[in-house]
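Q: I'd like to ask some things about the structure below.
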Number of protein chains: 2
Amino acid sequence: MANDHPTIQIFAPRWLIPVAPRDEVLEDHAVWVADGQIEAILPREEARRRQQASEHPVDWIDLPEHALIPGLVNGHTHAAMSLMRGLADDLPLMTWLEEHIWPVEGQMLGHDFVHDGTMLAALEMIRGGTTTLSDMYFFPEAAIEAVQTAGLRGVFGIVVIDNPNPWSADPEEALAKGIDLVNDWRRHPRIEFTLAPHAPYTVGDAALERVRTMSDQLELPVHMHVHETAHEVETAVATYGERPLARLDRLGLLNERVVAVHMTQLTDAEIARLAVTGSHVMHSPQSNLKLASGFCPVARLLEAGINVGLGTDGAASNNDLDMFDEMRTAALIAKPVANDAAAVSAHQALHMATLGGARAFGLDDRIGSIEPGKRADLVAVSLDEPETQPVYDPVSTLVYSASRRQVSDVWVDGRALLRGGRLRHLDSRAIIDRANSWREPIRQAKPAG
Amino acid sequence: MANDHPTIQIFAPRWLIPVAPRDEVLEDHAVWVADGQIEAILPREEARRRQQASEHPVDWIDLPEHALIPGLVNGHTHAAMSLMRGLADDLPLMTWLEEHIWPVEGQMLGHDFVHDGTMLAALEMIRGGTTTLSDMYFFPEAAIEAVQTAGLRGVFGIVVIDNPNPWSADPEEALAKGIDLVNDWRRHPRIEFTLAPHAPYTVGDAALERVRTMSDQLELPVHMHVHETAHEVETAVATYGERPLARLDRLGLLNERVVAVHMTQLTDAEIARLAVTGSHVMHSPQSNLKLASGFCPVARLLEAGINVGLGTDGAASNNDLDMFDEMRTAALIAKPVANDAAAVSAHQALHMATLGGARAFGLDDRIGSIEPGKRADLVAVSLDEPETQPVYDPVSTLVYSASRRQVSDVWVDGRALLRGGRLRHLDSRAIIDRANSWREPIRQAKPAG
């Protein structure tokens, strides 16, 4: 701000993986960034010449053994639930929710819980190369505060649920609070919103209609758990004679602003309808496996031209926020599900974890790929370790071999959050200690058995 | 050797996870080790008293934020194939083998390839908490040399395959070389052998009969890929009118020395037969997913009382040797396959990755759990990181949240191979550089397309 000239950074990785416009790997190239915005992808020699010709100081960032990728977009999470990581495992979705998670949330939820849990999640996300999260949780104002402190980019769901909860007495209150939040943060460059009706089985038609109207008026995405389990679909059919997706369609909630999460139960006709309406699917494979929810038919969705993003879900059901592990799982599980070892290649998995998620939430004009005009949300991954050598195809190496622990550097809007594996602005010890202070209260709030 | 008194070590972790005799987590306990052998599990205070009373020096190893687990047993790998990590991805098994892997192996295989590839694998295994590998590859003498240098424990397969290969002209030569190796290494405490007929479709009845006879005479386990894909079973039925497992049974090769790897195709009757015969199953879930081979019905196997171990397969089809990731995948994938979110708990996954593997190869008198009388093959995992906090159940944390990069210390026979995340005896740079020198020759040996 104080300077009258732009801050210039040049990122010079061994492998530049832009994700778009083409599915390619560039060597001997560099990314030219001015004031946090990508200006050009250049041959490295040309970048060097321009650097030498520049009147202003230029920060040349050498990444000699690294892949540089767009910041990962965790397209579906409940960040604050990191405080309940591993609290209740090896249980099906409804038992897990009704007998473990909801009772604890009923007692514990509040501003501090969400703030402290989201800070813990932010630590994990930064260290793992995630630069954007799409969050869905109560007290979003507390999550925003944490994400702001952390320097990440966030899309925050206004959770709408019929039953009273510690954040809102009813959908009306939730939406009113949501409008206030949207207005308060309208000018912030890294804070976005979605309307987040929890699921078809917790939100009635009246509230869903209000969500649709508000989504239309404010041009907000709708982020919702849909067809997570066969049980959900069967119960809806038995109770209402209608599959949840048909109900959403009837209510006008299949459209290019809708992001349907999980989607393990899909007929061919439903897939065709998703494609026609431009609806997005958010894939959370590890959560679907862990809760025995089923398999999202990702290869069929991609073949139908549907945009698919990737999310970890909350750390209470995953049990991590590791987008590398999620990419690997997405690429692996798609193959037997499609009965095709070529289904969901490493390149497609990386696309889902970056541009797919960005597009789902209408952010693909700003993030999701390393292209001129986009923000410099960038992640460097060191591949010079025994676990990732030799390198034949760095995208395969990233998806099938690399660990998030090889993420060395993370930038959001060109600002370094992690350099050489070290956090730049956060006090890890203090955040962990604060998160840990919730452990005993949570344990005691958990019902016995 | 020079001392007239034993070398005493006391391991004092925050969480001691013995795996056996009981599925438990001990706090405030310590492991007393003398000359590399576990002598006792003691309350920490008692260990402290005994330390103070000891006439000899005692090495007290404090692990204040760590889980201490038995060294992981990678029950199925092809270590040297790490040189081909990521060479050919997103392909089905037979295309991958016939059009990519076998042509490269045909040109490249030899003592140096296997030695250098196994050294790279050893680095990765030590850093990831694996203390024992069951290897199956050509030129086992070169792999033994590498594993010896690395200080790991190894079980080496004598690969038997009908077609000539760079190591053996025919099964007769392979078995003759195998007998020599077994004799040469008979007295080595950390080198064991298996007979390793490659697969039903590459080994005829005559060779399998010799394998069975030799297994009986020398009391050697038989380590074999079996029922890896539906294609394998269908082709066998079409060609010979017999499922491969029925054929092995007819040849006397279902018994308590047989370790059948993969096993994605199993009828109820076959599972019952495996249980009755005491055969072992080695589960490689990531490889099965990546090659779209199918799902091993692990929950049903465990329910039938069959011993199941866990292996990564080679890094050319995984693409890593990460037993943490493999445990996580095994626990996750079992749930939708069994349609039961309680199937294969975190504790069961850890059991497969330790004692299950040890038992399969007849090593459970020596390794696989932290029990008096066993060797001190121990692994410490630091859980004091954002990704693994808070800890409610450390076994859940290890399986569902932890990364192998949190392995801080590794001991084999009480000898430290890794301390504080640093290799004690190996030159990582030199090993990586040597592995990398194979990259261009391998790339050029790969058929185009």
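Chain identifiers are assigned as A, B, and so on, following the order in which chains appear in the structure tokens; residues are numbered from 1 within each chain, and ligands are numbered from 1 in order of appearance.
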Using only C-alpha atoms, what does the table of stretch 25-123 of chain B residues within 12 Å of stretch 332-345 of chain A look like, with each row giving the shortest atom pair and its distance in Å to one decimal, sorted by chain and ascending number, as JSON lines?
A:
{"residue": "B:Ala88", "atom": "CA", "partner": "A:Ala342", "partner_atom": "CA", "distance": 11.0}
{"residue": "B:Asp89", "atom": "CA", "partner": "A:Ser345", "partner_atom": "CA", "distance": 8.0}
{"residue": "B:Asp90", "atom": "CA", "partner": "A:Ala342", "partner_atom": "CA", "distance": 4.4}
{"residue": "B:Leu91", "atom": "CA", "partner": "A:Ala341", "partner_atom": "CA", "distance": 4.9}
{"residue": "B:Pro92", "atom": "CA", "partner": "A:Ala341", "partner_atom": "CA", "distance": 4.9}
{"residue": "B:Leu93", "atom": "CA", "partner": "A:Ala341", "partner_atom": "CA", "distance": 8.2}
{"residue": "B:Met94", "atom": "CA", "partner": "A:Ala341", "partner_atom": "CA", "distance": 10.8}
{"residue": "B:Thr95", "atom": "CA", "partner": "A:Ala341", "partner_atom": "CA", "distance": 10.0}
{"residue": "B:Trp96", "atom": "CA", "partner": "A:Ala341", "partner_atom": "CA", "distance": 9.9}
Q: Go ahead and write the residues just picked, C-alpha atoms, as an mmCIF file, in the first residue's frame.
A:
data_model
loop_
_atom_site.group_PDB
_atom_site.id
_atom_site.type_symbol
_atom_site.label_atom_id
_atom_site.label_comp_id
_atom_site.auth_asym_id
_atom_site.auth_seq_id
_atom_site.Cartn_x
_atom_site.Cartn_y
_atom_site.Cartn_z
ATOM 1 C CA ALA B 88 2.804 -46.336 -15.970
ATOM 2 C CA ASP B 89 -0.417 -45.367 -14.213
ATOM 3 C CA ASP B 90 -4.132 -45.637 -14.659
ATOM 4 C CA LEU B 91 -3.938 -48.978 -16.462
ATOM 5 C CA PRO B 92 -5.455 -52.419 -15.766
ATOM 6 C CA LEU B 93 -3.243 -55.195 -14.392
ATOM 7 C CA MET B 94 -2.526 -57.166 -17.559
ATOM 8 C CA THR B 95 -1.926 -54.084 -19.766
ATOM 9 C CA TRP B 96 0.293 -52.631 -17.063
#
Q: Residues of stretch 17-46 of chain B classed as strand (DSSP E or B) by DSSP on the backbone are to be reported as a ChimeraX atom specification.
A: /B:26-27,29-34,37-43
Q: I need the chosen residues saved as a compact mmCIF listing (two decimals), in the first residue's frame, with all heavy atoms.
A:
# COMPACT_ATOMS: atom_id res chain seq x y z
N LEU B 26 -1.89 -48.64 26.66
CA LEU B 26 -1.38 -48.44 28.02
C LEU B 26 -0.78 -47.04 28.13
O LEU B 26 0.02 -46.63 27.30
CB LEU B 26 -0.30 -49.48 28.33
CG LEU B 26 -0.74 -50.95 28.27
CD1 LEU B 26 0.48 -51.87 28.35
CD2 LEU B 26 -1.72 -51.26 29.40
N GLU B 27 -1.16 -46.35 29.19
CA GLU B 27 -0.48 -45.08 29.49
C GLU B 27 0.39 -45.33 30.73
O GLU B 27 0.18 -46.28 31.48
CB GLU B 27 -1.50 -43.96 29.71
CG GLU B 27 -2.33 -43.74 28.45
CD GLU B 27 -3.09 -42.41 28.45
OE1 GLU B 27 -2.50 -41.38 28.85
OE2 GLU B 27 -4.26 -42.40 28.03
N HIS B 29 3.28 -46.51 31.05
CA HIS B 29 4.00 -47.79 31.04
C HIS B 29 5.30 -47.63 30.27
O HIS B 29 5.52 -46.64 29.58
CB HIS B 29 3.13 -48.88 30.41
CG HIS B 29 2.17 -49.49 31.37
ND1 HIS B 29 1.11 -48.80 31.90
CD2 HIS B 29 2.11 -50.74 31.93
CE1 HIS B 29 0.43 -49.58 32.74
NE2 HIS B 29 1.03 -50.76 32.77
N ALA B 30 6.13 -48.63 30.40
CA ALA B 30 7.42 -48.63 29.71
C ALA B 30 7.75 -50.04 29.25
O ALA B 30 7.24 -51.03 29.79
CB ALA B 30 8.51 -48.08 30.63
N VAL B 31 8.62 -50.11 28.24
CA VAL B 31 9.06 -51.39 27.69
C VAL B 31 10.52 -51.57 28.06
O VAL B 31 11.36 -50.71 27.77
CB VAL B 31 8.91 -51.41 26.15
CG1 VAL B 31 9.27 -52.79 25.61
CG2 VAL B 31 7.50 -51.01 25.74
N TRP B 32 10.83 -52.68 28.72
CA TRP B 32 12.19 -52.99 29.15
C TRP B 32 12.81 -53.93 28.14
O TRP B 32 12.27 -55.01 27.89
CB TRP B 32 12.13 -53.63 30.55
CG TRP B 32 13.45 -53.90 31.17
CD1 TRP B 32 14.31 -54.92 30.89
CD2 TRP B 32 14.08 -53.13 32.21
NE1 TRP B 32 15.43 -54.84 31.67
CE2 TRP B 32 15.31 -53.75 32.50
CE3 TRP B 32 13.72 -51.98 32.91
CZ2 TRP B 32 16.18 -53.25 33.48
CZ3 TRP B 32 14.59 -51.51 33.89
CH2 TRP B 32 15.80 -52.13 34.15
N VAL B 33 13.91 -53.51 27.55
CA VAL B 33 14.55 -54.30 26.48
C VAL B 33 15.99 -54.60 26.88
O VAL B 33 16.72 -53.70 27.31
CB VAL B 33 14.52 -53.51 25.15
CG1 VAL B 33 15.39 -54.18 24.09
CG2 VAL B 33 13.08 -53.36 24.65
N ALA B 34 16.37 -55.85 26.74
CA ALA B 34 17.77 -56.24 27.00
C ALA B 34 18.33 -56.91 25.75
O ALA B 34 17.75 -57.87 25.25
CB ALA B 34 17.83 -57.20 28.19
N GLN B 37 15.94 -57.57 22.96
CA GLN B 37 14.78 -58.42 23.21
C GLN B 37 13.90 -57.80 24.29
O GLN B 37 14.41 -57.32 25.32
CB GLN B 37 15.24 -59.81 23.63
CG GLN B 37 14.07 -60.72 24.00
CD GLN B 37 14.41 -62.19 23.79
OE1 GLN B 37 14.93 -62.57 22.73
NE2 GLN B 37 14.14 -62.99 24.79
N ILE B 38 12.60 -57.83 24.06
CA ILE B 38 11.67 -57.27 25.05
C ILE B 38 11.61 -58.22 26.25
O ILE B 38 11.34 -59.41 26.11
CB ILE B 38 10.26 -57.10 24.43
CG1 ILE B 38 10.34 -56.12 23.26
CG2 ILE B 38 9.27 -56.63 25.49
CD1 ILE B 38 9.12 -56.14 22.35
N GLU B 39 11.90 -57.65 27.43
CA GLU B 39 11.89 -58.47 28.64
C GLU B 39 10.61 -58.28 29.44
O GLU B 39 10.13 -59.21 30.08
CB GLU B 39 13.07 -58.10 29.53
CG GLU B 39 14.40 -58.27 28.85
CD GLU B 39 15.15 -59.48 29.36
OE1 GLU B 39 15.42 -59.54 30.57
OE2 GLU B 39 15.46 -60.36 28.53
N ALA B 40 10.09 -57.04 29.44
CA ALA B 40 8.91 -56.80 30.28
C ALA B 40 8.20 -55.53 29.83
O ALA B 40 8.80 -54.63 29.26
CB ALA B 40 9.34 -56.65 31.74
N ILE B 41 6.90 -55.50 30.12
CA ILE B 41 6.10 -54.28 30.04
C ILE B 41 5.81 -53.90 31.50
O ILE B 41 5.23 -54.71 32.24
CB ILE B 41 4.75 -54.52 29.33
CG1 ILE B 41 4.93 -55.28 28.02
CG2 ILE B 41 3.97 -53.21 29.17
CD1 ILE B 41 5.45 -54.49 26.88
N LEU B 42 6.23 -52.71 31.88
CA LEU B 42 6.16 -52.33 33.30
C LEU B 42 5.44 -51.00 33.47
O LEU B 42 5.51 -50.15 32.58
CB LEU B 42 7.58 -52.11 33.84
CG LEU B 42 8.55 -53.26 33.76
CD1 LEU B 42 9.95 -52.76 34.04
CD2 LEU B 42 8.14 -54.34 34.75
N PRO B 43 4.80 -50.82 34.63
CA PRO B 43 4.39 -49.45 34.95
C PRO B 43 5.63 -48.56 34.94
O PRO B 43 6.73 -48.99 35.35
CB PRO B 43 3.81 -49.57 36.37
CG PRO B 43 3.42 -51.01 36.48
CD PRO B 43 4.40 -51.77 35.66
Q: Between B:Thr267, B:Thr202, B:Ser428, B:Asn163, which is the closest to chain A once you count only C-alpha atoms?
A: B:Ser428
Q: Could you give me the residues within stretch 229-417 of chain A that DSSP places in alpha helix (DSSP H), as a PyMOL selection string?
A: chain A and resi 230-240+244-250+268-277+285-290+298-303+323-338+346-351+357-360+394-396
Q: Please list as a ChimeraX atom specification every residue within 12 Å of A:Met125, counting only C-alpha atoms and excluding residues in the same chain fewer than 3 positions away.
A: /A:71-74,77,79,82,118-122,128-134,147,150-154,311-312,314-315,320-324,379,404-405,407,410,417-418,423 /B:386-387
